[in-house]
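Remarks on the structure that follows.
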Amino acid sequence: MKNLTLIIPCYNEEGNLHKLYDELNGFSRNSYEIVADDGGVSVNSCINMNEYGLEFLFVNDGSKDRTIDILNEIRQRDSRVSVVSLSRNFGKENAMLAGMDYARGDAAIIMDADLQDPIDVIPEMIYWWEKGYDDVYGKRLSRGEESRIRKVLSMSFYRMLNRMSDIDILPNVGDFRLLDRRAIRALTQMRETQRYMKGLYCWIGFNKKEVTFDRGSRENGRSNYKMSKLVNLAIEGITSYTTAPLRISTVAGIIVSLLAFAYLIFMFVKTLVFGEVVTGFPTLICVILFLGGMQLLALGIIGEYVGRIFNETKGRPPYIVDSYNGLDDGEDVG
């Protein structure tokens, strides 16, 4: 019997956990008819979840509500449930790493606790995994309750990142996916504290397969990803997988220097030939402010990369475990 681990990061999800567990429990006892497109050929198959050993691994990412209490209650009723509780909020990226470290299955399925990732897509992921794919990722046909401006900004970011990066970052693809054990092993070997998982999934390679789905709306609570967090995540993505901003600042500096030098020659020749007094105080101020702004921008870009180096050289673990399955002395593998 093959074993599967469902990794579910949780942060303040007390309103969703009971319903999520009920859906997972029902899912684990059913059989599913799969109609898949295999190279243009329609294939029918059946996935019986009773033929798999399941582990529901919840990662409590420093929740401030009753999330950990509810998870411990569910664990008392179902031995398939495991709970890793982190000592504080380390962020979803590191919480997923903790889940991969503690997952015991032959493959792991990563999904959110807010019920936006449809559970009925998982059997199709399992089907393609059985066919030999290592990374079966869910691609969103619709992005649920996201605002229009957020959707536009997200797609613009992916286009920009793909143009600057050496690897292809898949658009409209999140963390909802199935990963084979060897893909999990590759991801857990990378221990950087500032992680951009959407890039890491693509960076490790392996055989990938797309499964499409419509993303639902949150059942309870509000999204923890505010615009400021999304901006920070975008900066993480850019600085993690490309040095293009550094090159852009270098090229911009060369162009501005050449223009400034050309303007200097022009003014020098003009003064010698026509004998005019050098004027243009407002122009001088504008040039100084422009050059100062360019310098500050370049320093800011350099600072982002230096800051990442600074954080990584500390050698701190990506996360710290407070308890595992209710035990306070849970092993810290972070």
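Following the order of the structure tokens, first chain is A, next is B, and so on, with residues numbered from 1 inside each chain and ligands from 1 in the order they appear.
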Taking 6 positions as the minimum chain separation for residues in the same chain, which residues sit within 9 Å of region 95-97 of chain A when counting only C-alpha atoms? Answer as an NGL selection string. :A and (7-10 or 59-61 or 86 or 89 or 110 or 187-188 or 191 or 197 or 318-319 or 334)
Need the shell around region 132-135 of chain A: protein/DNA/RNA residues with any atom at most 6 Å away, counting only C-alpha atoms. Skip same-chain ones fewer than 2 positions apart. Format as a ChimeraX atom specification? /A:128-130,178-180,207-208
For those residues, write N, CA, C and O atoms to a file as a PDB file, in the first residue's frame.
```pdb
ATOM      1  N   TRP A 128      -2.097  10.842 -12.156  1.00  0.00           N
ATOM      2  CA  TRP A 128      -0.909  11.202 -12.942  1.00  0.00           C
ATOM      3  C   TRP A 128       0.371  10.847 -12.191  1.00  0.00           C
ATOM      4  O   TRP A 128       1.391  10.516 -12.813  1.00  0.00           O
ATOM      5  N   TRP A 129       0.331  10.910 -10.875  1.00  0.00           N
ATOM      6  CA  TRP A 129       1.483  10.461 -10.092  1.00  0.00           C
ATOM      7  C   TRP A 129       1.753   8.979 -10.319  1.00  0.00           C
ATOM      8  O   TRP A 129       2.900   8.559 -10.491  1.00  0.00           O
ATOM      9  N   GLU A 130       0.696   8.184 -10.349  1.00  0.00           N
ATOM     10  CA  GLU A 130       0.840   6.759 -10.614  1.00  0.00           C
ATOM     11  C   GLU A 130       1.378   6.504 -12.022  1.00  0.00           C
ATOM     12  O   GLU A 130       1.997   5.466 -12.289  1.00  0.00           O
ATOM     13  N   LEU A 178       0.723  17.878  -5.995  1.00  0.00           N
ATOM     14  CA  LEU A 178       1.216  16.610  -5.454  1.00  0.00           C
ATOM     15  C   LEU A 178       2.693  16.487  -5.813  1.00  0.00           C
ATOM     16  O   LEU A 178       3.081  16.674  -6.974  1.00  0.00           O
ATOM     17  N   LEU A 179       3.502  16.142  -4.824  1.00  0.00           N
ATOM     18  CA  LEU A 179       4.939  15.999  -5.013  1.00  0.00           C
ATOM     19  C   LEU A 179       5.368  14.588  -4.642  1.00  0.00           C
ATOM     20  O   LEU A 179       5.030  14.096  -3.559  1.00  0.00           O
ATOM     21  N   ASP A 180       6.119  13.959  -5.522  1.00  0.00           N
ATOM     22  CA  ASP A 180       6.684  12.644  -5.223  1.00  0.00           C
ATOM     23  C   ASP A 180       7.762  12.779  -4.157  1.00  0.00           C
ATOM     24  O   ASP A 180       8.318  13.860  -3.935  1.00  0.00           O
ATOM     25  N   ASN A 207       9.643  15.511 -13.612  1.00  0.00           N
ATOM     26  CA  ASN A 207       8.523  15.375 -14.543  1.00  0.00           C
ATOM     27  C   ASN A 207       7.292  16.084 -13.977  1.00  0.00           C
ATOM     28  O   ASN A 207       6.819  15.731 -12.894  1.00  0.00           O
ATOM     29  N   LYS A 208       6.779  17.042 -14.714  1.00  0.00           N
ATOM     30  CA  LYS A 208       5.658  17.846 -14.228  1.00  0.00           C
ATOM     31  C   LYS A 208       4.422  17.615 -15.095  1.00  0.00           C
ATOM     32  O   LYS A 208       4.525  17.342 -16.299  1.00  0.00           O
TER      33      LYS A 208
END
```
CA of Glu312 (chain A) to CA of Gln194 (chain A): how many Å, to one decimal?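 Spanning CA of Glu312 (chain A) to CA of Gln194 (chain A) is a straight-line distance of 8.0 Å.
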So how many Å separate CA of Phe27 (chain A) and CA of Glu51 (chain A), to one decimal?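 Atom-to-atom, CA of Phe27 (chain A) to CA of Glu51 (chain A), that is 12.5 Å.
If you look at CA of Ile70 (chain A) and CA of Asp106 (chain A), they are 27.1 Å away from each other.
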Considering only C-alpha atoms, return as JSON, numbers by chain whatever protein or nucleic-acid residues lie within 7 Å of Asn3 (chain A), sequence-local ones (same chain, fewer than 2 positions apart) excluded. {"A": [1, 5, 52, 53, 54, 105, 106]}
Please produce a file of the residues just selected, as a CSV table (one decimal), in the first residue's frame, where the atoms kept are N, CA and C atoms.
```
chain,number,residue,atom,x,y,z
A,1,MET,N,0.8,-1.2,0.0
A,1,MET,CA,0.0,0.0,0.0
A,1,MET,C,0.9,1.3,0.0
A,5,THR,N,0.7,11.8,2.1
A,5,THR,CA,0.6,12.8,3.2
A,5,THR,C,0.0,14.1,2.6
A,52,TYR,N,-5.0,3.5,-0.3
A,52,TYR,CA,-3.9,4.3,0.1
A,52,TYR,C,-3.9,4.6,1.6
A,53,GLY,N,-2.7,4.6,2.2
A,53,GLY,CA,-2.6,5.0,3.5
A,53,GLY,C,-2.5,6.5,3.6
A,54,LEU,N,-3.3,7.2,4.3
A,54,LEU,CA,-3.4,8.6,4.3
A,54,LEU,C,-2.9,9.2,5.7
A,105,GLY,N,4.7,10.2,3.9
A,105,GLY,CA,4.2,9.5,2.8
A,105,GLY,C,5.2,9.3,1.6
A,106,ASP,N,4.8,8.4,0.7
A,106,ASP,CA,5.5,8.3,-0.6
A,106,ASP,C,5.4,9.5,-1.5
```
Residue contacts of Ala103 (chain A) (10 Å, only C-alpha atoms) excluding same-chain residues fewer than 4 positions away, as a PyMOL selection string: chain A and resi 4-7+55-57+82+97-99+107-109+181+184
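Comparing the minimum interatomic distances between Glu14 (chain A) and each of A:Ile119, A:Ala113, A:Met49, A:Val35, counting only C-alpha atoms, we find that A:Ala113 sits nearest.
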Between A:Val211, A:Lys2, A:Arg77, A:Phe290, which one has atoms that come closest to Asn25 (chain A), using only C-alpha atoms?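 Counting only C-alpha atoms, the residue closest to Asn25 (chain A) is A:Arg77.
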List every residue of region 280-327 of chain A that has an atom at most 9 Å from any atom of region 254-263 of chain A, giving for each one its closest atom pair and the distance in Å to one decimal, counting only C-alpha atoms, sorted by chain and then by ascending residue number, as JSON lines.
```
{"residue": "A:Val287", "atom": "CA", "partner": "A:Ala260", "partner_atom": "CA", "distance": 8.7}
{"residue": "A:Leu291", "atom": "CA", "partner": "A:Val256", "partner_atom": "CA", "distance": 7.9}
{"residue": "A:Met294", "atom": "CA", "partner": "A:Val256", "partner_atom": "CA", "distance": 8.8}
```
Residues as selected, N, CA, C and O atoms, written as an mmCIF file, in the first residue's frame, can you do that?
```cif
data_model
loop_
_atom_site.group_PDB
_atom_site.id
_atom_site.type_symbol
_atom_site.label_atom_id
_atom_site.label_comp_id
_atom_site.auth_asym_id
_atom_site.auth_seq_id
_atom_site.Cartn_x
_atom_site.Cartn_y
_atom_site.Cartn_z
ATOM 1 N N VAL A 287 19.041 67.965 -12.743
ATOM 2 C CA VAL A 287 20.035 66.934 -13.032
ATOM 3 C C VAL A 287 20.572 66.329 -11.731
ATOM 4 O O VAL A 287 20.723 65.114 -11.604
ATOM 5 N N LEU A 291 20.143 62.418 -10.736
ATOM 6 C CA LEU A 291 21.285 61.550 -10.460
ATOM 7 C C LEU A 291 21.250 61.018 -9.033
ATOM 8 O O LEU A 291 21.588 59.859 -8.778
ATOM 9 N N MET A 294 18.751 58.215 -8.927
ATOM 10 C CA MET A 294 19.295 57.003 -9.536
ATOM 11 C C MET A 294 20.266 56.290 -8.591
ATOM 12 O O MET A 294 20.268 55.063 -8.484
#
```
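Counting only C-alpha atoms and comparing A:Asn44, A:Asn30, A:Gln76, A:Asn12, the residue that lies closest to Lys64 (chain A) is A:Asn12.
Ranking A:Leu24, A:Ile126, A:Ile320, A:Leu200 by their shortest atom-to-atom distance to Val81 (chain A), with only C-alpha atoms included, puts A:Leu24 first.
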Quick check for you: according to DSSP on this backbone, which residues of region 12-81 of chain A are classed as alpha helix (DSSP H)? Reply as a PDB file with N, CA, C and O atoms, in the first residue's frame.
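As a result, states_15.pdb now contains:
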```
ATOM      1  N   LEU A  17     -11.490  24.563  10.130  1.00  0.00           N
ATOM      2  CA  LEU A  17     -10.860  23.261  10.364  1.00  0.00           C
ATOM      3  C   LEU A  17     -11.848  22.106  10.469  1.00  0.00           C
ATOM      4  O   LEU A  17     -11.592  21.017   9.949  1.00  0.00           O
ATOM      5  N   HIS A  18     -12.973  22.316  11.163  1.00  0.00           N
ATOM      6  CA  HIS A  18     -13.934  21.211  11.321  1.00  0.00           C
ATOM      7  C   HIS A  18     -14.505  20.791   9.967  1.00  0.00           C
ATOM      8  O   HIS A  18     -14.584  19.587   9.661  1.00  0.00           O
ATOM      9  N   LYS A  19     -14.893  21.756   9.167  1.00  0.00           N
ATOM     10  CA  LYS A  19     -15.443  21.418   7.846  1.00  0.00           C
ATOM     11  C   LYS A  19     -14.375  20.807   6.954  1.00  0.00           C
ATOM     12  O   LYS A  19     -14.642  19.851   6.214  1.00  0.00           O
ATOM     13  N   LEU A  20     -13.156  21.331   7.032  1.00  0.00           N
ATOM     14  CA  LEU A  20     -12.073  20.776   6.231  1.00  0.00           C
ATOM     15  C   LEU A  20     -11.821  19.318   6.607  1.00  0.00           C
ATOM     16  O   LEU A  20     -11.681  18.459   5.723  1.00  0.00           O
ATOM     17  N   TYR A  21     -11.784  19.026   7.904  1.00  0.00           N
ATOM     18  CA  TYR A  21     -11.552  17.644   8.324  1.00  0.00           C
ATOM     19  C   TYR A  21     -12.683  16.740   7.862  1.00  0.00           C
ATOM     20  O   TYR A  21     -12.440  15.613   7.394  1.00  0.00           O
ATOM     21  N   ASP A  22     -13.936  17.212   7.973  1.00  0.00           N
ATOM     22  CA  ASP A  22     -15.064  16.402   7.519  1.00  0.00           C
ATOM     23  C   ASP A  22     -14.937  16.064   6.030  1.00  0.00           C
ATOM     24  O   ASP A  22     -15.210  14.931   5.610  1.00  0.00           O
ATOM     25  N   GLU A  23     -14.513  17.047   5.226  1.00  0.00           N
ATOM     26  CA  GLU A  23     -14.353  16.802   3.798  1.00  0.00           C
ATOM     27  C   GLU A  23     -13.199  15.836   3.529  1.00  0.00           C
ATOM     28  O   GLU A  23     -13.300  14.965   2.669  1.00  0.00           O
ATOM     29  N   LEU A  24     -12.104  15.994   4.272  1.00  0.00           N
ATOM     30  CA  LEU A  24     -10.973  15.083   4.105  1.00  0.00           C
ATOM     31  C   LEU A  24     -11.341  13.669   4.521  1.00  0.00           C
ATOM     32  O   LEU A  24     -10.950  12.689   3.868  1.00  0.00           O
ATOM     33  N   ASN A  25     -12.101  13.545   5.589  1.00  0.00           N
ATOM     34  CA  ASN A  25     -12.510  12.234   6.085  1.00  0.00           C
ATOM     35  C   ASN A  25     -13.410  11.538   5.063  1.00  0.00           C
ATOM     36  O   ASN A  25     -13.250  10.340   4.783  1.00  0.00           O
ATOM     37  N   GLY A  26     -14.357  12.297   4.487  1.00  0.00           N
ATOM     38  CA  GLY A  26     -15.214  11.730   3.454  1.00  0.00           C
ATOM     39  C   GLY A  26     -14.425  11.363   2.205  1.00  0.00           C
ATOM     40  O   GLY A  26     -14.651  10.314   1.587  1.00  0.00           O
ATOM     41  N   PHE A  27     -13.506  12.217   1.841  1.00  0.00           N
ATOM     42  CA  PHE A  27     -12.664  11.976   0.667  1.00  0.00           C
ATOM     43  C   PHE A  27     -11.866  10.680   0.824  1.00  0.00           C
ATOM     44  O   PHE A  27     -11.707   9.915  -0.130  1.00  0.00           O
ATOM     45  N   THR A  67      -6.782  27.579  16.736  1.00  0.00           N
ATOM     46  CA  THR A  67      -6.394  26.605  15.712  1.00  0.00           C
ATOM     47  C   THR A  67      -5.717  25.380  16.313  1.00  0.00           C
ATOM     48  O   THR A  67      -6.101  24.240  16.026  1.00  0.00           O
ATOM     49  N   ILE A  68      -4.723  25.580  17.172  1.00  0.00           N
ATOM     50  CA  ILE A  68      -3.978  24.438  17.718  1.00  0.00           C
ATOM     51  C   ILE A  68      -4.862  23.584  18.622  1.00  0.00           C
ATOM     52  O   ILE A  68      -4.747  22.351  18.633  1.00  0.00           O
ATOM     53  N   ASP A  69      -5.777  24.192  19.368  1.00  0.00           N
ATOM     54  CA  ASP A  69      -6.676  23.423  20.233  1.00  0.00           C
ATOM     55  C   ASP A  69      -7.600  22.544  19.405  1.00  0.00           C
ATOM     56  O   ASP A  69      -7.825  21.366  19.738  1.00  0.00           O
ATOM     57  N   ILE A  70      -8.130  23.109  18.332  1.00  0.00           N
ATOM     58  CA  ILE A  70      -9.030  22.343  17.461  1.00  0.00           C
ATOM     59  C   ILE A  70      -8.273  21.200  16.794  1.00  0.00           C
ATOM     60  O   ILE A  70      -8.771  20.069  16.694  1.00  0.00           O
ATOM     61  N   LEU A  71      -7.048  21.465  16.346  1.00  0.00           N
ATOM     62  CA  LEU A  71      -6.249  20.424  15.700  1.00  0.00           C
ATOM     63  C   LEU A  71      -5.951  19.279  16.671  1.00  0.00           C
ATOM     64  O   LEU A  71      -6.013  18.099  16.289  1.00  0.00           O
ATOM     65  N   ASN A  72      -5.637  19.608  17.901  1.00  0.00           N
ATOM     66  CA  ASN A  72      -5.371  18.560  18.899  1.00  0.00           C
ATOM     67  C   ASN A  72      -6.623  17.750  19.200  1.00  0.00           C
ATOM     68  O   ASN A  72      -6.557  16.540  19.431  1.00  0.00           O
ATOM     69  N   GLU A  73      -7.789  18.420  19.207  1.00  0.00           N
ATOM     70  CA  GLU A  73      -9.053  17.701  19.412  1.00  0.00           C
ATOM     71  C   GLU A  73      -9.303  16.723  18.270  1.00  0.00           C
ATOM     72  O   GLU A  73      -9.718  15.577  18.498  1.00  0.00           O
ATOM     73  N   ILE A  74      -9.065  17.175  17.033  1.00  0.00           N
ATOM     74  CA  ILE A  74      -9.271  16.299  15.871  1.00  0.00           C
ATOM     75  C   ILE A  74      -8.297  15.126  15.914  1.00  0.00           C
ATOM     76  O   ILE A  74      -8.655  13.985  15.598  1.00  0.00           O
ATOM     77  N   ARG A  75      -7.089  15.392  16.333  1.00  0.00           N
ATOM     78  CA  ARG A  75      -6.090  14.310  16.418  1.00  0.00           C
ATOM     79  C   ARG A  75      -6.501  13.244  17.420  1.00  0.00           C
ATOM     80  O   ARG A  75      -6.238  12.043  17.208  1.00  0.00           O
ATOM     81  N   GLN A  76      -7.152  13.653  18.506  1.00  0.00           N
ATOM     82  CA  GLN A  76      -7.604  12.676  19.497  1.00  0.00           C
ATOM     83  C   GLN A  76      -8.627  11.716  18.909  1.00  0.00           C
ATOM     84  O   GLN A  76      -8.744  10.568  19.349  1.00  0.00           O
ATOM     85  N   ARG A  77      -9.371  12.168  17.890  1.00  0.00           N
ATOM     86  CA  ARG A  77     -10.411  11.339  17.283  1.00  0.00           C
ATOM     87  C   ARG A  77      -9.893  10.516  16.112  1.00  0.00           C
ATOM     88  O   ARG A  77     -10.517   9.505  15.754  1.00  0.00           O
TER      89      ARG A  77
END
```
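Each of A:Asn172, A:Ser323, A:Thr313, A:Ser249 was compared to Gln295 (chain A) using only C-alpha atoms, and A:Ser249 turns out to be the nearest.
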